Structure formats: structure tokens, C-alpha cells
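This report refers to the structure that appears directly beneath it.
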Amino acid sequence: MKPVIILDDVFSEGDLIELDSVGKNINEQGEWHKWDKYGNTIYTYYWLLVHKASSYYDIQKVKGIEVWTHNNSRPTADMNGGWHYDKDEYRWSSNKILSFPVCSLVFYLEAENLSGGNLLFRDISIKPKRNRLVIFGPGIQHRVEKYEGKRFSVNINVWNRKLEEYDW
């Protein structure tokens, strides 16, 4: 298993301001969830994050990314205590097959006045920080602590196949 990778100051302040605007505009309705096929330019900044992961994971055969946001929310977990895997939810709910992405990314657009809210792995606790990217491998359990304050994250699962539940 590869370690959890933490990269700070991923974007310049100018790019970060633009990404912040894009992320929050698409999140106006609450949480947002989308499939984006490889080569699409609508979500350029998200693909730049995936490119950062290419230093640690082989993304040459990637077909697309699954992107969602958490704006002052936590993931709905499928295990006790909030622990979960990033997985193909359709395959899991249909026939209990665990299928994992190539890697998962968590990028923090906002982290202000936080008490709690750390991204937890079994032996690592990562504090949210604006412009921080966390990259981790397939099949790693994780959860987010309860928190108070402002926390906005973009979450990306990198897939080497198209997920059945998304139309192109």
C-alpha cells in the first residue's frame, strides 16, 4: 500500500481564487456529484489535481473522474463510525462487489475556524488546510471527524473504466 500523500500550496493564489469560484458556483444546490470523462476541458482544474497524482499513481489508462463536493458536510458513510471506502457504489449496491478507483483525491478549497474535521485514516490524521491536496490509494478506509467551522472540499475518484451509473 502506498502512503497517504499530502501536498500543500498546490495552486497559485490566482488559480485558487478562480477554482474557488468555480467550485462554489457548481455547489450552489448543495452537494454536487458528477462524472467527467478524460479529455473534457470543463473541469480543467480538477484534471490538474489528477495530474498531480500521476507522480504517485499510474493514470495513463484513466477513462474519467468522479467528482463531488462537501460544503460544510461530511460523507455519508457505509460502515460503523463513519469509516468507508471510496468504491464503485453501483457495483457495491447491486451485487456487493468491491471495486476501487486507481486513487482518491481530497482537495481543500476552504478550511476556516475549524474545530475537528480532520480526514482520518487508521493511523493518520490530516488537518484540512486551504490549498491542500491529499492523495491516497485504493481500498483504504477513511472518515471525516465531526467539526465546527467552515470546510469545503472537492473529492475526486480516478477511474480506469467508465462507471455504469454515468451516461456520457
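Just so we're on the same page: first chain in the C-alpha cells is A, next is B, and so on; residues restart at 1 for each chain, and ligands are numbered from 1 in the order they show up.
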Within 10 Å of Asp58 of chain A, counting only C-alpha atoms, which residues qualify if same-chain residues fewer than 3 places away don't, as a PDB file with C-alpha atoms, in the first residue's frame?
```pdb
ATOM      1  CA  ALA A  53      -1.489  12.341  -8.581  1.00  0.00           C
ATOM      2  CA  SER A  54       0.305  10.995 -11.676  1.00  0.00           C
ATOM      3  CA  SER A  55       3.605  11.379  -9.828  1.00  0.00           C
ATOM      4  CA  LYS A  61      -5.317   4.332 -18.678  1.00  0.00           C
ATOM      5  CA  VAL A  62      -7.734   6.643 -16.864  1.00  0.00           C
ATOM      6  CA  VAL A 102      -6.996   3.989  -9.134  1.00  0.00           C
ATOM      7  CA  CYS A 103      -6.636   6.593  -6.397  1.00  0.00           C
ATOM      8  CA  ASN A 160      -9.553   3.425 -15.357  1.00  0.00           C
TER       9      ASN A 160
END
```
>> as a PyMOL selection string, please: the residues near Glu112 of chain A (cut-off 7 Å, only C-alpha atoms, same-chain neighbours under 3 positions excluded).
In response: chain A and resi 149-151
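Comparing A:Asp123, A:Glu13, A:Glu164, A:Glu110 by their smallest distance to Asn71 of chain A, the closest is A:Glu110 (using only C-alpha atoms).
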>> I'd like the neighbourhood of Tyr147 of chain A as a list in words, where a residue qualifies if any of its atoms comes within 12 Å (using only C-alpha atoms), though same-chain residues fewer than 4 positions away should be ignored.
In response: Asn72, Ser73, Arg74, Ala111, Glu112, Asn113, Leu114, Ser115, Gly116, Gly117, Asn118, Leu119, Lys127, Pro128 and Arg151 of chain A
Selected residues, all heavy atoms, written as an mmCIF file, in the first residue's frame, please.
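Just written: result.cif:
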```cif
data_model
loop_
_atom_site.group_PDB
_atom_site.id
_atom_site.type_symbol
_atom_site.label_atom_id
_atom_site.label_comp_id
_atom_site.auth_asym_id
_atom_site.auth_seq_id
_atom_site.Cartn_x
_atom_site.Cartn_y
_atom_site.Cartn_z
ATOM 1 N N ASN A 72 -19.334 22.177 3.927
ATOM 2 C CA ASN A 72 -19.756 22.075 5.325
ATOM 3 C C ASN A 72 -20.601 20.838 5.569
ATOM 4 O O ASN A 72 -21.607 20.871 6.282
ATOM 5 C CB ASN A 72 -20.494 23.340 5.776
ATOM 6 C CG ASN A 72 -19.547 24.505 5.902
ATOM 7 O OD1 ASN A 72 -18.407 24.350 6.349
ATOM 8 N ND2 ASN A 72 -19.989 25.673 5.491
ATOM 9 N N SER A 73 -20.191 19.742 4.939
ATOM 10 C CA SER A 73 -20.869 18.467 5.137
ATOM 11 C C SER A 73 -19.814 17.373 5.224
ATOM 12 O O SER A 73 -18.652 17.589 4.923
ATOM 13 C CB SER A 73 -21.841 18.188 3.989
ATOM 14 O OG SER A 73 -21.141 18.076 2.765
ATOM 15 N N ARG A 74 -20.251 16.206 5.647
ATOM 16 C CA ARG A 74 -19.366 15.040 5.734
ATOM 17 C C ARG A 74 -19.928 13.945 4.855
ATOM 18 O O ARG A 74 -21.126 13.890 4.604
ATOM 19 C CB ARG A 74 -19.295 14.544 7.188
ATOM 20 C CG ARG A 74 -18.635 15.541 8.116
ATOM 21 C CD ARG A 74 -18.747 15.180 9.587
ATOM 22 N NE ARG A 74 -18.462 13.786 9.863
ATOM 23 C CZ ARG A 74 -19.052 13.097 10.828
ATOM 24 N NH1 ARG A 74 -19.959 13.666 11.598
ATOM 25 N NH2 ARG A 74 -18.737 11.849 11.050
ATOM 26 N N ALA A 111 -10.943 26.065 4.544
ATOM 27 C CA ALA A 111 -10.837 25.471 5.882
ATOM 28 C C ALA A 111 -10.596 26.631 6.843
ATOM 29 O O ALA A 111 -9.471 27.116 6.970
ATOM 30 C CB ALA A 111 -9.706 24.467 5.939
ATOM 31 N N GLU A 112 -11.666 27.082 7.479
ATOM 32 C CA GLU A 112 -11.580 28.253 8.351
ATOM 33 C C GLU A 112 -12.233 27.978 9.697
ATOM 34 O O GLU A 112 -13.296 27.373 9.762
ATOM 35 C CB GLU A 112 -12.281 29.456 7.713
ATOM 36 C CG GLU A 112 -11.646 29.966 6.451
ATOM 37 C CD GLU A 112 -12.413 31.158 5.875
ATOM 38 O OE1 GLU A 112 -13.211 31.778 6.604
ATOM 39 O OE2 GLU A 112 -12.221 31.436 4.681
ATOM 40 N N ASN A 113 -11.590 28.471 10.735
ATOM 41 C CA ASN A 113 -12.133 28.390 12.098
ATOM 42 C C ASN A 113 -12.608 26.975 12.436
ATOM 43 O O ASN A 113 -13.690 26.801 12.985
ATOM 44 C CB ASN A 113 -13.278 29.394 12.279
ATOM 45 C CG ASN A 113 -12.846 30.810 11.979
ATOM 46 O OD1 ASN A 113 -11.771 31.240 12.390
ATOM 47 N ND2 ASN A 113 -13.669 31.534 11.242
ATOM 48 N N LEU A 114 -11.795 25.995 12.094
ATOM 49 C CA LEU A 114 -12.190 24.604 12.291
ATOM 50 C C LEU A 114 -11.822 24.088 13.676
ATOM 51 O O LEU A 114 -10.725 24.320 14.173
ATOM 52 C CB LEU A 114 -11.517 23.694 11.260
ATOM 53 C CG LEU A 114 -12.168 23.618 9.901
ATOM 54 C CD1 LEU A 114 -11.350 22.727 8.982
ATOM 55 C CD2 LEU A 114 -13.588 23.105 9.989
ATOM 56 N N SER A 115 -12.766 23.393 14.227
ATOM 57 C CA SER A 115 -12.525 22.562 15.395
ATOM 58 C C SER A 115 -12.939 21.158 14.967
ATOM 59 O O SER A 115 -14.109 20.914 14.678
ATOM 60 C CB SER A 115 -13.373 23.043 16.577
ATOM 61 O OG SER A 115 -13.263 22.154 17.654
ATOM 62 N N GLY A 116 -11.965 20.256 14.827
ATOM 63 C CA GLY A 116 -12.241 18.921 14.291
ATOM 64 C C GLY A 116 -12.175 18.958 12.780
ATOM 65 O O GLY A 116 -11.498 19.788 12.190
ATOM 66 N N GLY A 117 -12.879 18.024 12.136
ATOM 67 C CA GLY A 117 -12.937 17.979 10.679
ATOM 68 C C GLY A 117 -11.753 17.326 10.005
ATOM 69 O O GLY A 117 -11.622 17.402 8.788
ATOM 70 N N ASN A 118 -10.889 16.671 10.785
ATOM 71 C CA ASN A 118 -9.729 16.017 10.187
ATOM 72 C C ASN A 118 -10.145 14.834 9.333
ATOM 73 O O ASN A 118 -11.133 14.156 9.619
ATOM 74 C CB ASN A 118 -8.756 15.547 11.265
ATOM 75 C CG ASN A 118 -8.049 16.689 11.951
ATOM 76 O OD1 ASN A 118 -8.130 17.841 11.529
ATOM 77 N ND2 ASN A 118 -7.346 16.387 13.010
ATOM 78 N N LEU A 119 -9.374 14.594 8.281
ATOM 79 C CA LEU A 119 -9.522 13.403 7.457
ATOM 80 C C LEU A 119 -8.726 12.311 8.153
ATOM 81 O O LEU A 119 -7.524 12.451 8.364
ATOM 82 C CB LEU A 119 -8.975 13.663 6.053
ATOM 83 C CG LEU A 119 -8.949 12.491 5.073
ATOM 84 C CD1 LEU A 119 -10.352 11.920 4.844
ATOM 85 C CD2 LEU A 119 -8.321 12.934 3.761
ATOM 86 N N LYS A 127 -5.194 17.369 8.993
ATOM 87 C CA LYS A 127 -5.966 18.584 9.229
ATOM 88 C C LYS A 127 -6.269 19.274 7.900
ATOM 89 O O LYS A 127 -5.367 19.456 7.072
ATOM 90 C CB LYS A 127 -5.173 19.530 10.128
ATOM 91 C CG LYS A 127 -5.902 20.787 10.476
ATOM 92 C CD LYS A 127 -5.110 21.636 11.428
ATOM 93 C CE LYS A 127 -5.927 22.880 11.746
ATOM 94 N NZ LYS A 127 -5.477 23.535 12.933
ATOM 95 N N PRO A 128 -7.534 19.648 7.671
ATOM 96 C CA PRO A 128 -7.865 20.395 6.456
ATOM 97 C C PRO A 128 -7.134 21.745 6.452
ATOM 98 O O PRO A 128 -7.012 22.401 7.481
ATOM 99 C CB PRO A 128 -9.374 20.615 6.563
ATOM 100 C CG PRO A 128 -9.853 19.585 7.513
ATOM 101 C CD PRO A 128 -8.724 19.372 8.472
ATOM 102 N N ARG A 151 -15.666 24.352 6.057
ATOM 103 C CA ARG A 151 -14.848 23.336 5.402
ATOM 104 C C ARG A 151 -15.477 23.021 4.055
ATOM 105 O O ARG A 151 -16.631 22.608 3.977
ATOM 106 C CB ARG A 151 -14.813 22.085 6.276
ATOM 107 C CG ARG A 151 -13.943 20.964 5.785
ATOM 108 C CD ARG A 151 -14.046 19.817 6.815
ATOM 109 N NE ARG A 151 -13.201 18.707 6.488
ATOM 110 C CZ ARG A 151 -13.509 17.756 5.601
ATOM 111 N NH1 ARG A 151 -14.659 17.793 4.962
ATOM 112 N NH2 ARG A 151 -12.669 16.778 5.372
#
```
> Can you list every residue in segment 65-100 of chain A that DSSP puts in alpha helix (DSSP H), as a ChimeraX atom specification?
Replying inline: /A:89-95
> A:Leu120, A:Val144, A:Leu133, A:Ile126: which is nearest Lys52 of chain A, counting only C-alpha atoms?
Replying inline: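 Of all the options, A:Leu133 lies closest to Lys52 of chain A.
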> So which residues of segment 91-128 of chain A fall under strand (DSSP E or B) by DSSP, listed as a list in words?
Replying inline: Cys103, Ser104, Leu105, Val106, Phe107, Tyr108, Leu109, Glu110, Ala111, Glu112, Asn113, Leu114, Ser115, Gly116, Leu119, Leu120, Ser125 and Ile126 of chain A
For the residues selected in the previous step, produce a file with C-alpha atoms as a short mmCIF file (atom, residue, chain, number, x, y, z; two decimals), in the first residue's frame.
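Result file selection.cif:
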```cif
data_model
loop_
_atom_site.label_atom_id
_atom_site.label_comp_id
_atom_site.auth_asym_id
_atom_site.auth_seq_id
_atom_site.Cartn_x
_atom_site.Cartn_y
_atom_site.Cartn_z
CA CYS A 103 -6.64 6.59 -6.40
CA SER A 104 -8.67 9.15 -4.48
CA LEU A 105 -8.05 12.86 -4.02
CA VAL A 106 -9.33 15.32 -1.44
CA PHE A 107 -8.64 18.99 -2.16
CA TYR A 108 -9.48 21.68 0.37
CA LEU A 109 -10.78 24.91 -1.11
CA GLU A 110 -11.72 26.29 2.29
CA ALA A 111 -10.84 25.47 5.88
CA GLU A 112 -11.58 28.25 8.35
CA ASN A 113 -12.13 28.39 12.10
CA LEU A 114 -12.19 24.60 12.29
CA SER A 115 -12.53 22.56 15.40
CA GLY A 116 -12.24 18.92 14.29
CA LEU A 119 -9.52 13.40 7.46
CA LEU A 120 -8.78 10.20 9.34
CA SER A 125 -4.96 12.26 10.94
CA ILE A 126 -4.84 15.09 8.39
#
```
I want to know what sits within 10 Å of Ile124 of chain A, based on only C-alpha atoms, with residues of the same chain fewer than 6 positions away left out; could you give that as a PDB file with N, CA and C atoms, in the first residue's frame?
```pdb
ATOM      1  N   PRO A   3       1.722   5.145   0.690  1.00  0.00           N
ATOM      2  CA  PRO A   3       1.325   6.011   1.792  1.00  0.00           C
ATOM      3  C   PRO A   3       0.326   7.075   1.345  1.00  0.00           C
ATOM      4  N   VAL A   4      -0.249   7.724   2.315  1.00  0.00           N
ATOM      5  CA  VAL A   4      -1.085   8.879   2.042  1.00  0.00           C
ATOM      6  C   VAL A   4      -0.143  10.033   1.721  1.00  0.00           C
ATOM      7  N   ASN A 118     -10.889  16.671  10.785  1.00  0.00           N
ATOM      8  CA  ASN A 118      -9.729  16.017  10.187  1.00  0.00           C
ATOM      9  C   ASN A 118     -10.145  14.834   9.333  1.00  0.00           C
ATOM     10  N   HIS A 142     -11.343   5.301   5.435  1.00  0.00           N
ATOM     11  CA  HIS A 142     -11.139   6.648   5.952  1.00  0.00           C
ATOM     12  C   HIS A 142     -12.482   7.211   6.399  1.00  0.00           C
TER      13      HIS A 142
END
```
>> With only C-alpha atoms as the counted atoms, please give the residues lying no more than 7 Å from Arg132 of chain A, apart from itself and same-chain residues fewer than 3 positions off, as number ranges by chain.
In response: A: 7-10, 107-108, 129
Selection file, N, CA, C and O atoms, as a tab-separated table (two decimals), in the first residue's frame:
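Output contents, as saved in again-v6.tsv:
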```
chain	number	residue	atom	x	y	z
A	7	LEU	N	0.05	17.24	-0.24
A	7	LEU	CA	0.72	18.31	-0.97
A	7	LEU	C	0.07	19.64	-0.59
A	7	LEU	O	-1.15	19.79	-0.71
A	8	ASP	N	0.86	20.58	-0.15
A	8	ASP	CA	0.36	21.91	0.21
A	8	ASP	C	0.69	22.91	-0.89
A	8	ASP	O	1.62	22.72	-1.68
A	9	ASP	N	-0.09	24.00	-0.92
A	9	ASP	CA	0.12	25.10	-1.87
A	9	ASP	C	0.15	24.57	-3.31
A	9	ASP	O	1.06	24.86	-4.08
A	10	VAL	N	-0.89	23.83	-3.66
A	10	VAL	CA	-0.98	23.16	-4.96
A	10	VAL	C	-1.15	24.16	-6.10
A	10	VAL	O	-0.54	24.01	-7.15
A	107	PHE	N	-9.25	17.66	-2.05
A	107	PHE	CA	-8.64	18.99	-2.16
A	107	PHE	C	-9.46	19.97	-1.35
A	107	PHE	O	-10.68	20.04	-1.50
A	108	TYR	N	-8.79	20.72	-0.49
A	108	TYR	CA	-9.48	21.68	0.37
A	108	TYR	C	-9.46	23.07	-0.24
A	108	TYR	O	-8.41	23.70	-0.35
A	129	LYS	N	-6.66	22.12	5.28
A	129	LYS	CA	-5.96	23.39	5.10
A	129	LYS	C	-6.23	23.86	3.68
A	129	LYS	O	-6.17	23.07	2.74
```
